[in-house]
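So this block is start.txt, compact mmCIF, C-alpha atoms:
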```txt
# COMPACT_ATOMS: atom_id res chain seq x y z
CA MET A 71 24.27 -18.27 26.84
CA ILE A 72 21.23 -16.07 26.23
CA SER A 73 23.41 -13.57 24.37
CA TYR A 74 24.52 -16.31 21.96
CA LEU A 75 20.91 -17.32 21.34
CA ILE A 76 19.83 -13.74 20.71
CA GLY A 77 22.89 -13.21 18.54
CA PHE A 78 22.17 -16.27 16.40
CA ALA A 79 18.46 -15.53 16.14
CA GLY A 80 19.27 -12.01 14.96
CA PHE A 81 21.83 -13.35 12.53
CA LEU A 82 19.34 -15.81 11.03
CA VAL A 83 16.67 -13.13 10.63
CA THR A 84 19.24 -10.81 9.06
CA GLY A 85 20.33 -13.64 6.75
CA MET A 86 16.77 -14.19 5.57
CA LEU A 87 16.37 -10.46 4.98
CA GLN A 88 19.66 -10.37 3.09
CA LEU A 89 18.81 -13.28 0.78
CA SER A 90 15.22 -12.31 0.06
CA VAL A 91 15.19 -8.52 0.13
CA VAL A 92 18.51 -6.71 0.44
CA SER A 93 20.28 -8.64 -2.34
CA GLN A 94 17.61 -7.41 -4.74
CA ILE A 95 17.97 -3.74 -3.83
CA LYS A 96 20.72 -2.49 -6.09
CA ILE A 97 22.47 0.70 -6.98
CA LEU A 98 23.86 0.06 -10.47
CA SER A 99 25.10 -3.50 -9.86
CA GLY A 100 26.10 -3.11 -6.22
CA SER A 101 24.14 -4.33 -3.22
CA ALA A 102 24.52 -4.07 0.54
CA ASP A 103 25.72 -6.84 2.85
CA ILE A 104 23.69 -6.50 6.03
CA LEU A 105 25.09 -9.77 7.38
CA LEU A 106 28.50 -8.13 7.52
CA LEU A 107 26.97 -5.06 9.15
CA TYR A 108 25.19 -7.23 11.71
CA LEU A 109 28.43 -8.99 12.54
CA ILE A 110 30.28 -5.70 12.92
CA VAL A 111 27.71 -4.18 15.28
CA TRP A 112 27.26 -7.38 17.27
CA CYS A 113 31.00 -7.87 17.73
CA MET A 114 31.21 -4.25 18.83
CA TYR A 115 28.90 -4.88 21.78
CA ASP A 116 29.63 -8.52 22.58
CA ARG A 117 32.60 -8.93 24.91
CA SER A 118 32.23 -12.61 25.62
CA LYS A 119 35.28 -14.88 25.48
CA HIS A 120 33.88 -17.36 23.00
CA LEU A 121 32.65 -14.85 20.44
CA TRP A 122 35.22 -16.19 17.98
CA LEU A 123 33.31 -19.47 17.93
CA MET A 124 30.10 -17.67 17.04
CA VAL A 125 31.94 -15.77 14.29
CA PHE A 126 33.28 -19.07 12.96
CA VAL A 127 29.80 -20.62 12.85
CA MET A 128 28.36 -17.49 11.22
CA ALA A 129 31.04 -17.58 8.52
CA GLY A 130 30.35 -21.28 8.00
CA LEU A 131 26.63 -20.67 7.66
CA VAL A 132 27.08 -17.85 5.16
CA SER A 133 29.60 -19.81 3.11
CA SER A 134 27.11 -22.68 2.85
CA VAL A 135 24.63 -20.33 1.17
CA SER A 136 26.96 -18.08 -0.79
CA ALA A 137 28.90 -19.07 -3.88
CA LEU A 138 31.94 -17.30 -2.48
CA PRO A 139 34.74 -19.55 -1.19
CA ALA A 140 34.53 -20.12 2.55
CA VAL A 141 38.06 -18.87 3.05
CA ILE A 142 37.11 -15.35 1.90
CA LEU A 143 34.23 -15.19 4.35
CA MET A 144 36.40 -16.59 7.15
CA VAL A 145 39.09 -13.98 6.50
CA VAL A 146 36.60 -11.09 6.37
CA TYR A 147 34.61 -12.21 9.40
CA PHE A 148 37.66 -12.86 11.57
CA PHE A 149 39.13 -9.55 10.43
CA VAL A 150 35.94 -7.91 11.69
CA PHE A 151 36.20 -9.86 14.93
CA GLY A 152 39.83 -8.80 15.47
CA VAL A 153 39.31 -5.16 14.63
CA THR A 154 36.18 -4.84 16.78
CA ARG A 155 38.10 -6.31 19.73
CA MET A 156 40.74 -3.68 19.18
CA PHE A 157 38.13 -0.92 18.93
CA GLN A 158 36.32 -2.16 22.03
CA LYS A 159 39.39 -1.32 24.08
CA ARG A 160 40.13 2.03 22.49
CA LEU A 161 36.96 3.52 21.08
CA MET A 162 34.16 2.05 23.19
CA GLN A 163 32.99 5.56 24.11
CA SER A 164 31.85 6.09 20.54
CA PRO A 165 30.80 2.71 19.13
CA LEU A 166 29.00 4.31 16.18
CA LEU A 167 32.26 5.81 14.99
CA GLY A 168 33.87 2.40 15.36
CA VAL A 169 31.06 0.74 13.40
CA ILE A 170 31.37 3.23 10.55
CA VAL A 171 35.16 2.89 10.36
CA ILE A 172 35.06 -0.92 10.52
CA THR A 173 32.23 -1.05 7.95
CA PHE A 174 34.34 0.95 5.54
CA VAL A 175 37.49 -1.13 6.07
CA ALA A 176 35.72 -4.53 6.13
CA SER A 177 33.67 -3.71 3.02
CA LEU A 178 36.83 -2.68 1.23
CA LEU A 179 38.55 -5.90 2.29
CA GLN A 180 35.58 -7.95 1.11
CA ILE A 181 35.53 -6.19 -2.25
CA VAL A 182 39.26 -6.69 -2.73
CA LEU A 183 38.99 -10.39 -1.85
CA ASN A 184 35.97 -10.81 -4.15
CA MET A 185 37.87 -9.30 -7.04
CA ALA A 186 40.96 -11.34 -6.23
CA TYR A 187 38.84 -14.50 -6.27
CA LEU A 188 37.41 -13.61 -9.68
CA PHE A 189 40.88 -12.83 -10.97
CA ILE A 190 42.25 -16.15 -9.71
CA SER A 191 39.25 -17.97 -11.20
CA GLY A 192 40.28 -16.67 -14.60
CA VAL A 193 37.32 -14.36 -15.07
CA GLU A 194 38.07 -11.46 -17.39
CA PHE A 195 36.59 -8.24 -16.08
CA ASN A 196 37.14 -4.57 -16.56
CA LEU A 197 38.58 -3.24 -13.30
CA ASN A 198 37.15 0.22 -13.86
CA THR A 199 33.65 -1.18 -14.49
CA ALA A 200 33.89 -3.48 -11.49
CA LEU A 201 34.93 -0.58 -9.27
CA THR A 202 32.41 1.98 -10.47
CA GLU A 203 29.39 -0.27 -11.00
CA VAL A 204 29.78 -2.89 -8.27
CA ALA A 205 32.38 -2.05 -5.65
CA LEU A 206 31.66 1.63 -5.04
CA PRO A 207 27.83 1.31 -4.95
CA SER A 208 28.15 -1.65 -2.57
CA LEU A 209 30.47 0.33 -0.32
CA ILE A 210 28.10 3.31 -0.33
CA LEU A 211 25.11 1.10 0.48
CA ASN A 212 27.00 -0.56 3.34
CA MET A 213 28.01 2.81 4.76
CA PHE A 214 24.46 4.10 4.36
CA LEU A 215 22.91 1.12 6.15
CA ALA A 216 25.54 0.99 8.91
CA ILE A 217 23.84 3.72 10.98
CA PRO A 218 20.28 2.27 11.08
CA MET A 219 21.77 -1.19 11.55
CA HIS A 220 23.75 0.08 14.52
CA ALA A 221 20.60 1.61 16.02
CA ILE A 222 18.61 -1.63 15.65
CA ILE A 223 21.30 -4.02 16.86
CA ARG A 224 22.13 -1.73 19.76
CA GLU A 225 18.54 -2.08 20.98
CA ILE A 226 18.74 -5.87 20.65
CA ALA A 227 22.12 -5.85 22.38
CA HIS A 228 20.51 -4.08 25.36
CA TYR A 229 18.59 -7.29 26.05
CA ALA A 230 21.53 -9.58 25.40
CA PHE A 231 24.15 -7.91 27.58
CA PRO A 232 22.78 -4.89 29.46
CA LYS A 233 25.79 -4.66 31.77
CA GLY A 234 28.20 -4.61 28.89
CA LEU A 235 26.47 -1.60 27.38
CA GLU A 236 26.52 0.36 30.57
CA ALA A 237 30.21 -0.24 31.07
CA MET B 14 -103.51 16.45 35.25
CA PRO B 15 -101.99 16.93 38.69
CA PHE B 16 -99.68 14.04 37.74
CA ASP B 17 -98.56 15.89 34.63
CA SER B 18 -97.74 19.08 36.43
CA VAL B 19 -95.83 17.15 39.06
CA MET B 20 -93.92 15.27 36.42
CA ILE B 21 -93.06 18.43 34.52
CA LYS B 22 -91.89 20.07 37.70
CA LYS B 23 -89.71 17.06 38.44
CA ILE B 24 -88.25 16.91 34.99
CA PHE B 25 -87.53 20.62 34.78
CA SER B 26 -86.27 20.84 38.24
CA PRO B 27 -83.26 23.15 38.60
CA LYS B 28 -80.96 20.20 39.15
CA ASN B 29 -82.02 18.37 36.02
CA LEU B 30 -81.93 21.57 34.01
CA ARG B 31 -78.36 22.20 35.15
CA ASN B 32 -77.31 18.69 34.17
CA LEU B 33 -79.04 19.02 30.85
CA ILE B 34 -77.34 22.30 30.09
CA ILE B 35 -73.95 20.92 31.10
CA SER B 36 -74.50 17.86 28.92
CA LEU B 37 -75.54 20.01 25.98
CA VAL B 38 -72.52 22.25 26.45
CA VAL B 39 -70.18 19.24 26.64
CA VAL B 40 -71.73 17.62 23.59
CA GLY B 41 -71.56 20.95 21.79
CA ILE B 42 -67.90 21.43 22.68
CA LEU B 43 -67.12 17.89 21.59
CA PHE B 44 -68.99 18.45 18.37
CA LEU B 45 -67.10 21.69 17.76
CA ALA B 46 -63.78 20.01 18.63
CA ILE B 47 -64.44 17.08 16.33
CA SER B 48 -65.50 19.45 13.60
CA GLY B 49 -62.21 21.35 13.97
CA TYR B 50 -63.72 24.65 15.02
CA LEU B 51 -61.79 24.68 18.24
CA THR B 52 -58.33 23.95 16.82
CA PRO B 53 -57.07 27.57 16.92
CA LEU B 54 -58.27 27.82 20.46
CA PHE B 55 -56.52 24.58 21.43
CA SER B 56 -53.36 25.67 19.66
CA PHE B 57 -53.32 28.97 21.37
CA SER B 58 -53.98 27.47 24.77
CA ALA B 59 -51.57 24.48 24.30
CA SER B 60 -48.59 26.42 22.93
CA PRO B 61 -47.22 27.50 26.33
CA PHE B 62 -47.39 23.94 27.55
CA ILE B 63 -45.74 22.58 24.41
CA SER B 64 -42.96 25.16 24.66
CA ALA B 65 -42.41 24.29 28.27
CA GLN B 66 -42.48 20.58 27.48
CA SER B 67 -40.00 20.90 24.62
CA TRP B 68 -37.67 23.00 26.80
CA MET B 69 -37.82 20.30 29.44
CA ALA B 70 -37.27 17.51 26.92
CA GLN B 71 -34.27 19.28 25.38
CA ARG B 72 -32.69 19.80 28.75
CA PHE B 73 -33.32 16.20 29.63
CA LEU B 74 -31.81 14.98 26.36
CA ALA B 75 -28.76 17.18 26.90
CA PHE B 76 -28.45 15.83 30.40
CA SER B 77 -28.89 12.27 29.18
CA ASP B 78 -26.34 12.77 26.38
CA PHE B 79 -23.86 14.17 28.85
CA PHE B 80 -23.89 10.93 30.80
CA ASN B 81 -24.46 8.43 27.97
CA SER B 82 -22.23 9.87 25.24
CA PRO B 83 -18.89 8.70 26.62
CA ARG B 84 -20.18 5.17 26.81
CA ASP B 85 -21.53 5.43 23.25
CA MET B 86 -18.22 6.86 22.04
CA ALA B 87 -16.34 4.04 23.67
CA THR B 88 -18.68 1.54 22.04
CA LEU B 89 -18.30 3.26 18.69
CA ARG B 90 -14.56 3.35 19.03
CA ALA B 91 -14.48 -0.35 19.86
CA GLU B 92 -16.72 -1.11 16.89
CA ASN B 93 -14.58 1.11 14.68
CA GLN B 94 -11.45 -0.65 15.83
CA GLN B 95 -13.05 -4.01 15.20
CA LEU B 96 -14.14 -2.93 11.72
CA GLU B 97 -10.70 -1.51 11.01
CA SER B 98 -9.09 -4.78 12.04
CA GLN B 99 -11.56 -6.63 9.83
CA VAL B 100 -10.69 -4.32 6.92
CA ALA B 101 -6.97 -4.87 7.54
CA MET B 102 -7.52 -8.62 7.68
CA LEU B 103 -9.53 -8.58 4.47
CA GLN B 104 -6.93 -6.39 2.79
CA SER B 105 -4.18 -8.79 3.81
CA GLU B 106 -6.32 -11.64 2.46
CA ILE B 107 -6.71 -9.73 -0.81
CA VAL B 108 -2.94 -9.21 -0.99
CA ALA B 109 -2.36 -12.91 -0.27
CA LEU B 110 -4.90 -13.90 -2.92
CA GLN B 111 -3.33 -11.52 -5.42
CA GLU B 112 0.05 -13.05 -4.62
CA ASN B 113 -1.41 -16.52 -5.15
CA LEU B 114 -2.98 -15.38 -8.39
CA ALA B 115 0.31 -13.95 -9.65
CA GLN B 116 2.11 -17.11 -8.60
CA SER B 117 -0.55 -19.26 -10.29
CA GLU B 118 -0.24 -17.23 -13.50
CA ILE B 119 3.52 -17.78 -13.49
CA LEU B 120 3.05 -21.49 -12.84
CA TYR B 121 0.42 -21.75 -15.61
CA THR B 122 2.83 -20.07 -18.00
CA LEU B 123 5.56 -22.48 -16.95
CA LEU B 124 3.11 -25.34 -17.39
CA ASP B 125 2.31 -24.11 -20.89
CA PHE B 126 6.02 -24.01 -21.63
CA ALA B 127 6.43 -27.56 -20.32
CA ARG B 128 3.52 -28.73 -22.47
CA THR B 129 4.90 -27.09 -25.58
CA ASN B 130 8.33 -28.60 -24.92
CA PRO B 131 7.46 -32.19 -24.06
CA GLU B 132 10.92 -33.53 -24.90
CA HIS B 133 12.08 -32.57 -21.41
CA SER B 134 10.73 -33.36 -17.98
CA TYR B 135 10.59 -30.49 -15.53
CA VAL B 136 10.42 -29.69 -11.86
CA ALA B 137 8.95 -26.29 -11.01
CA ALA B 138 10.65 -24.35 -8.23
CA THR B 139 10.23 -21.01 -6.51
CA VAL B 140 13.09 -18.55 -6.14
CA ILE B 141 13.67 -17.99 -2.43
CA GLY B 142 16.93 -16.08 -2.33
CA ARG B 143 19.76 -14.36 -4.10
CA GLU B 144 23.53 -14.34 -3.78
CA ILE B 145 25.02 -12.17 -1.06
CA SER B 146 28.07 -11.05 -3.04
CA PRO B 147 27.25 -8.36 -5.61
CA PHE B 148 30.04 -9.70 -7.84
CA LEU B 149 28.31 -13.05 -8.35
CA GLN B 150 24.95 -13.84 -9.96
CA TYR B 151 23.26 -16.77 -8.28
CA ILE B 152 19.75 -17.54 -7.08
CA ILE B 153 18.47 -20.07 -4.55
CA ILE B 154 15.39 -22.22 -5.23
CA ASP B 155 13.19 -24.25 -2.90
CA LYS B 156 13.75 -27.66 -4.51
CA GLY B 157 16.74 -29.91 -3.93
CA SER B 158 18.01 -33.46 -4.21
CA ASN B 159 14.85 -34.79 -2.51
CA ASP B 160 12.91 -33.57 -5.56
CA GLY B 161 15.18 -35.36 -8.00
CA LEU B 162 17.47 -32.44 -8.79
CA ARG B 163 21.15 -33.09 -9.48
CA TYR B 164 24.26 -31.00 -9.97
CA GLY B 165 24.51 -29.38 -13.41
CA MET B 166 20.85 -29.64 -14.39
CA PRO B 167 19.76 -26.75 -16.64
CA VAL B 168 17.23 -24.24 -15.39
CA VAL B 169 14.81 -22.39 -17.65
CA THR B 170 11.69 -20.25 -17.60
CA GLN B 171 8.98 -19.89 -20.22
CA GLN B 172 11.15 -17.18 -21.82
CA GLY B 173 14.43 -19.04 -22.03
CA LEU B 174 17.62 -20.14 -20.35
CA VAL B 175 18.29 -19.11 -16.74
CA GLY B 176 21.35 -21.12 -15.73
CA ARG B 177 22.28 -24.40 -14.13
CA ILE B 178 22.43 -26.00 -10.72
CA ASP B 179 25.70 -25.18 -9.04
CA ALA B 180 25.15 -26.67 -5.58
CA LEU B 181 22.29 -28.37 -3.81
CA ILE B 182 21.12 -29.80 -0.55
CA ALA B 183 18.06 -31.91 0.24
CA ASN B 184 15.49 -29.12 0.01
CA ALA B 185 17.20 -26.27 -1.81
CA ALA B 186 19.56 -25.61 -4.67
CA ARG B 187 21.81 -22.78 -5.82
CA ILE B 188 21.59 -21.80 -9.47
CA GLN B 189 24.41 -20.13 -11.35
CA LEU B 190 22.77 -17.64 -13.72
CA ILE B 191 24.09 -17.27 -17.25
CA SER B 192 24.82 -13.66 -16.30
CA ASP B 193 27.41 -14.75 -13.71
CA ALA B 194 31.00 -13.83 -14.47
CA ASN B 195 32.05 -17.50 -14.36
CA SER B 196 29.30 -18.65 -16.73
CA VAL B 197 29.95 -19.60 -20.36
CA VAL B 198 27.17 -20.88 -22.65
CA ASN B 199 27.71 -22.31 -26.10
CA VAL B 200 25.20 -20.67 -28.42
CA LYS B 201 24.28 -20.53 -32.09
CA LEU B 202 22.75 -17.74 -34.08
CA GLN B 203 19.32 -18.83 -35.21
CA THR B 204 19.65 -17.12 -38.60
CA ALA B 205 23.30 -17.56 -39.52
CA GLU B 206 23.84 -21.04 -38.07
CA VAL B 207 27.07 -19.79 -36.57
CA GLU B 208 28.25 -20.72 -33.11
CA GLY B 209 29.68 -18.55 -30.38
CA LEU B 210 29.94 -18.13 -26.64
CA VAL B 211 27.76 -16.12 -24.30
CA ARG B 212 29.64 -14.94 -21.24
CA GLY B 213 28.38 -13.30 -18.08
CA SER B 214 30.07 -10.44 -16.26
CA VAL B 215 30.51 -8.97 -12.79
CA THR B 216 27.77 -6.44 -13.54
CA GLY B 217 25.28 -9.10 -14.62
CA GLU B 218 25.31 -8.17 -18.29
CA ILE B 219 25.90 -10.87 -20.90
CA SER B 220 27.94 -10.65 -24.08
CA LEU B 221 28.55 -12.68 -27.20
CA ASP B 222 32.06 -13.77 -28.05
CA MET B 223 33.99 -16.05 -30.41
CA VAL B 224 31.89 -15.23 -33.45
CA PRO B 225 34.05 -15.36 -36.60
CA VAL B 226 34.71 -11.96 -38.15
CA GLU B 227 33.44 -12.98 -41.57
CA THR B 228 30.00 -13.83 -40.16
CA GLU B 229 27.31 -11.26 -40.88
CA VAL B 230 25.44 -10.74 -37.67
CA GLN B 231 22.32 -8.60 -37.55
CA ILE B 232 21.14 -6.61 -34.57
CA GLY B 233 18.17 -8.46 -33.09
CA ASP B 234 19.35 -11.91 -34.13
CA ILE B 235 18.19 -14.64 -31.78
CA LEU B 236 20.71 -16.69 -29.81
CA MET B 237 19.92 -20.26 -28.79
CA THR B 238 21.90 -22.88 -26.95
CA SER B 239 23.88 -25.07 -29.32
CA GLY B 240 24.29 -28.05 -27.03
CA LEU B 241 28.06 -28.07 -27.50
CA GLY B 242 30.07 -28.84 -24.41
CA GLY B 243 27.29 -30.93 -22.91
CA THR B 244 26.37 -28.30 -20.33
CA TYR B 245 23.00 -27.26 -21.74
CA PRO B 246 20.52 -28.98 -24.05
CA PRO B 247 20.23 -27.43 -27.53
CA ASN B 248 17.62 -24.99 -28.83
CA ILE B 249 16.81 -23.04 -25.69
CA PHE B 250 16.44 -19.28 -26.14
CA VAL B 251 19.23 -17.25 -24.58
CA GLY B 252 18.88 -13.70 -25.88
CA GLN B 253 18.94 -11.20 -28.68
CA ILE B 254 21.94 -9.37 -30.06
CA LEU B 255 21.97 -5.68 -29.13
CA THR B 256 25.27 -4.48 -30.59
CA MET B 257 28.26 -6.01 -32.38
CA GLN B 258 31.86 -4.89 -32.52
CA SER B 259 34.62 -6.15 -34.75
CA LYS B 260 38.11 -4.73 -34.43
CA GLN B 261 40.78 -4.87 -37.06
CA ASN B 262 43.23 -7.75 -37.06
CA VAL B 263 41.20 -9.93 -34.77
CA LEU B 264 39.72 -13.34 -35.52
CA PHE B 265 36.46 -12.96 -33.65
CA GLN B 266 33.84 -10.30 -33.16
CA THR B 267 32.05 -9.58 -29.92
CA GLY B 268 28.72 -8.07 -29.01
CA SER B 269 26.33 -7.30 -26.22
CA VAL B 270 23.27 -9.47 -25.68
CA GLN B 271 19.87 -8.71 -24.25
CA PRO B 272 18.85 -11.82 -22.27
CA VAL B 273 15.30 -13.06 -22.83
CA VAL B 274 14.95 -13.71 -19.12
CA ASP B 275 14.64 -10.80 -16.71
CA PHE B 276 16.97 -12.04 -13.99
CA SER B 277 16.02 -9.29 -11.56
CA ASN B 278 12.37 -10.42 -11.46
CA LEU B 279 12.72 -14.18 -11.36
CA SER B 280 10.14 -15.73 -9.07
CA ALA B 281 9.64 -19.26 -10.43
CA VAL B 282 11.76 -21.50 -12.66
CA LEU B 283 11.73 -24.93 -14.24
CA VAL B 284 14.58 -27.37 -13.76
CA ILE B 285 15.10 -29.79 -16.66
CA THR B 286 15.52 -33.10 -14.88
CA ASN B 287 16.09 -35.46 -17.79
CA PHE B 288 19.25 -33.76 -18.99
CA ASN B 289 22.53 -34.83 -17.48
CA ALA B 290 25.32 -32.34 -17.94
CA VAL B 291 28.53 -33.85 -19.26
CA ASP B 292 31.71 -32.89 -17.49
CA ILE B 293 34.30 -32.64 -20.25
CA SER B 294 36.96 -31.01 -18.11
CA PRO B 295 39.10 -34.22 -17.94
CA LEU B 296 39.21 -34.17 -21.75
CA VAL B 297 40.38 -30.56 -21.93
CA PRO B 298 44.15 -30.55 -22.46
```
Go ahead and express the file in the form of structure tokens.
Amino acid sequence: MISYLIGFAGFLVTGMLQLSVVSQIKILSGSADILLLYLIVWCMYDRSKHLWLMVFVMAGLVSSVSALPAVILMVVYFFVFGVTRMFQKRLMQSPLLGVIVITFVASLLQIVLNMAYLFISGVEFNLNTALTEVALPSLILNMFLAIPMHAIIREIAHYAFPKGLEA
Amino acid sequence: MPFDSVMIKKIFSPKNLRNLIISLVVVGILFLAISGYLTPLFSFSASPFISAQSWMAQRFLAFSDFFNSPRDMATLRAENQQLESQVAMLQSEIVALQENLAQSEILYTLLDFARTNPEHSYVAATVIGREISPFLQYIIIDKGSNDGLRYGMPVVTQQGLVGRIDALIANAARIQLISDANSVVNVKLQTAEVEGLVRGSVTGEISLDMVPVETEVQIGDILMTSGLGGTYPPNIFVGQILTMQSKQNVLFQTGSVQPVVDFSNLSAVLVITNFNAVDISPLVP
């Protein structure tokens, strides 16, 4: 129970940071998504059975704030949940490597779904511009922030599930 | 006569003479001392004592410092820490006051704008967040339906058009900026009285579209909302034309627009509350 509380508290703080600070820090037109990074790192360390429920609530919370359709966030967040479960079994000896790989794949998936949503909405955009000015800088920022995010969340995770980390 | 000789003998007895001489010597020494004639002698005779006394005093002070200094240092450190914390507190107060001042200046400017545009009624709001997705351009403000805001209400600053309310809850609202890729604003050129469309993009830049080829458009022309479509009220500044392009065999020319509002530094906005956006989508074939 305490791990869920710590997880949610961390998620809310990260959300506030994302909305007020991180969304304004841009490379060209791209910005980082530290909520996604938080989810990746947390899922990497949390082995509880009902984590999917927490992921569902997190996706619901983010979709209530973001203009993105909820289905995109659900797909991305549950993709992260599924892949981290897979990595937990196979690559738990090097969670940082897992975090970096999942950050890259999940960010790519999010970018693809974002662009697909815009395309379906009938928005005309230059694919080359969208890739070079938005997608690539966002991916780079996510990759860049994945390592410090992992370090911070790992420390928090020590308090949430100390036994899980030692295992 | 015998009395006199006896008296003289008594007066000049050896004892009295000795006392007299001693008294005279003492008075003489005092007189010389008061007159300053004995100062060199005193100095000479007192210097060994003064040297010894100063040596003793210095040793005592060193000894006293040795024991008292740590306590003084601790006291000084505590005082220094206290003063440092006071300085930090005052600095944070200064920062807070500067923030308040900046916020007040923005609000005064918005108030001026509201006074100079009395045809609308406004609700001032502070920007508290931005969209998570880098592909979308939205902001979040701290006023919602409890403050009288409704879906579709236009949002402006003292410079010009910002966007419109896209979603809201009781105490907050999400604003779609005119730079969003899904945003389309009907505009007119202030000089040429020609209408067109301003579209946003995934990068947050805005462009002018649907301007007839035969229209002469000058760089720097001002774009204002036309009011067509019922989404925005007319005559709100949108931007200035930066460049124009017209290709052969096309009906319309396009161009890039410099928005009058700096969307990256938005901190406070005004929501126009007496304008109800008209949803014409059911009429669109």
Adding 6 Å on each side of the box along x, y and z that holds all listed atoms of stretch 76-79 of chain A, could you give its centre and edge lengths in Å to one decimal, as lines of an AutoDock Vina configuration file?
```
center_x = 20.7
center_y = -14.7
center_z = 18.4
size_x = 16.4
size_y = 15.1
size_z = 16.6
```
Which chain B residues have any atom within 8 Å of an atom of chain A, and for each, what is the nearest pair of atoms with distance in Å to one decimal, counting all atoms listed in the file, rows sorted by chain and number, as JSON lines?
```
{"residue": "B:Ile141", "atom": "CA", "partner": "A:Ser90", "partner_atom": "CA", "distance": 6.4}
{"residue": "B:Gly142", "atom": "CA", "partner": "A:Leu89", "partner_atom": "CA", "distance": 4.6}
{"residue": "B:Arg143", "atom": "CA", "partner": "A:Leu89", "partner_atom": "CA", "distance": 5.1}
{"residue": "B:Glu144", "atom": "CA", "partner": "A:Ser136", "partner_atom": "CA", "distance": 5.9}
{"residue": "B:Ile145", "atom": "CA", "partner": "A:Ser93", "partner_atom": "CA", "distance": 6.0}
{"residue": "B:Ser146", "atom": "CA", "partner": "A:Leu138", "partner_atom": "CA", "distance": 7.4}
{"residue": "B:Pro147", "atom": "CA", "partner": "A:Gly100", "partner_atom": "CA", "distance": 5.4}
{"residue": "B:Phe148", "atom": "CA", "partner": "A:Val204", "partner_atom": "CA", "distance": 6.8}
{"residue": "B:Leu149", "atom": "CA", "partner": "A:Ala137", "partner_atom": "CA", "distance": 7.5}
{"residue": "B:Tyr151", "atom": "CA", "partner": "A:Ala137", "partner_atom": "CA", "distance": 7.5}
{"residue": "B:Arg187", "atom": "CA", "partner": "A:Val135", "partner_atom": "CA", "distance": 7.9}
{"residue": "B:Ala194", "atom": "CA", "partner": "A:Val193", "partner_atom": "CA", "distance": 6.4}
{"residue": "B:Asn195", "atom": "CA", "partner": "A:Val193", "partner_atom": "CA", "distance": 6.2}
{"residue": "B:Ser214", "atom": "CA", "partner": "A:Phe195", "partner_atom": "CA", "distance": 6.9}
{"residue": "B:Val215", "atom": "CA", "partner": "A:Ala200", "partner_atom": "CA", "distance": 6.6}
{"residue": "B:Thr216", "atom": "CA", "partner": "A:Ser99", "partner_atom": "CA", "distance": 5.4}
{"residue": "B:Gly217", "atom": "CA", "partner": "A:Ser99", "partner_atom": "CA", "distance": 7.4}
{"residue": "B:Ser277", "atom": "CA", "partner": "A:Gln94", "partner_atom": "CA", "distance": 7.3}
```
TODO: Find the residues around A:Glu225 up to 12 Å (only C-alpha atoms counted), leave out those fewer than 2 positions away in its own chain, and share them as a ChimeraX atom specification.
DONE: /A:76,80,111-112,115,218-223,227-232,235
- [ ] Find, counting all atoms listed in the file, the residue in B:Ile235, B:Ala115, B:Ala65, B:Val40 that gets nearest to B:Gly173.
- [x]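 Among B:Ile235, B:Ala115, B:Ala65, B:Val40, it is B:Ile235 that comes nearest to B:Gly173.
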Task: For atom CA of A:Leu131 and atom CA of A:Leu107, the interatomic separation in Å (one decimal) - done: 15.7 Å
- [ ] Tell me, as a PyMOL selection string, which residues lie within 6 Å of B:Thr286, counting only C-alpha atoms; anything in the same chain fewer than 2 positions away does not count.
- [x] chain B and resi 134-135+284+288
- [ ] Enter the distance from atom CA of B:Asp222 to atom CA of B:Gly240, in Å, rounded to one decimal.
- [x] 16.3 Å
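The gap separating atom CA of A:Arg224 from atom CA of A:Val169 is 11.2 Å, in Å to one decimal.
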Please identify all polymer residues within 8 Å of A:Phe81, counting all atoms listed in the file, omitting same-chain residues fewer than 2 positions from it, and present them as a compact mmCIF listing (two decimals) with C-alpha atoms, in the coordinates of the input.
```
# COMPACT_ATOMS: atom_id res chain seq x y z
CA GLY A 77 22.89 -13.21 18.54
CA PHE A 78 22.17 -16.27 16.40
CA ALA A 79 18.46 -15.53 16.14
CA VAL A 83 16.67 -13.13 10.63
CA THR A 84 19.24 -10.81 9.06
CA GLY A 85 20.33 -13.64 6.75
CA LEU A 105 25.09 -9.77 7.38
CA TYR A 108 25.19 -7.23 11.71
CA LEU A 109 28.43 -8.99 12.54
CA MET A 128 28.36 -17.49 11.22
```
- [ ] For stretch 258-271 of chain B, work out the shell of residues within 10 Å, counting all atoms listed in the file and skipping chain neighbours fewer than 3 positions away, then give it as an MDAnalysis selection string.
- [x] chainID B and resid 209:213 218:228 230 232:236 251:255 274:275
Open item on the list: Using all atoms listed in the file, which protein or nucleic acid residues come within 7 Å of B:Ile191? Drop anything in the same chain fewer than 3 positions from it, and give the result as an NGL selection string.
Closed with: :B and (175-176 or 196 or 213)
TODO: Kindly indicate which residue among B:Gln203, B:Thr244, B:Gln94, B:Asn159 lies nearest to B:Asp179, using only C-alpha atoms for the distances.
DONE: B:Thr244
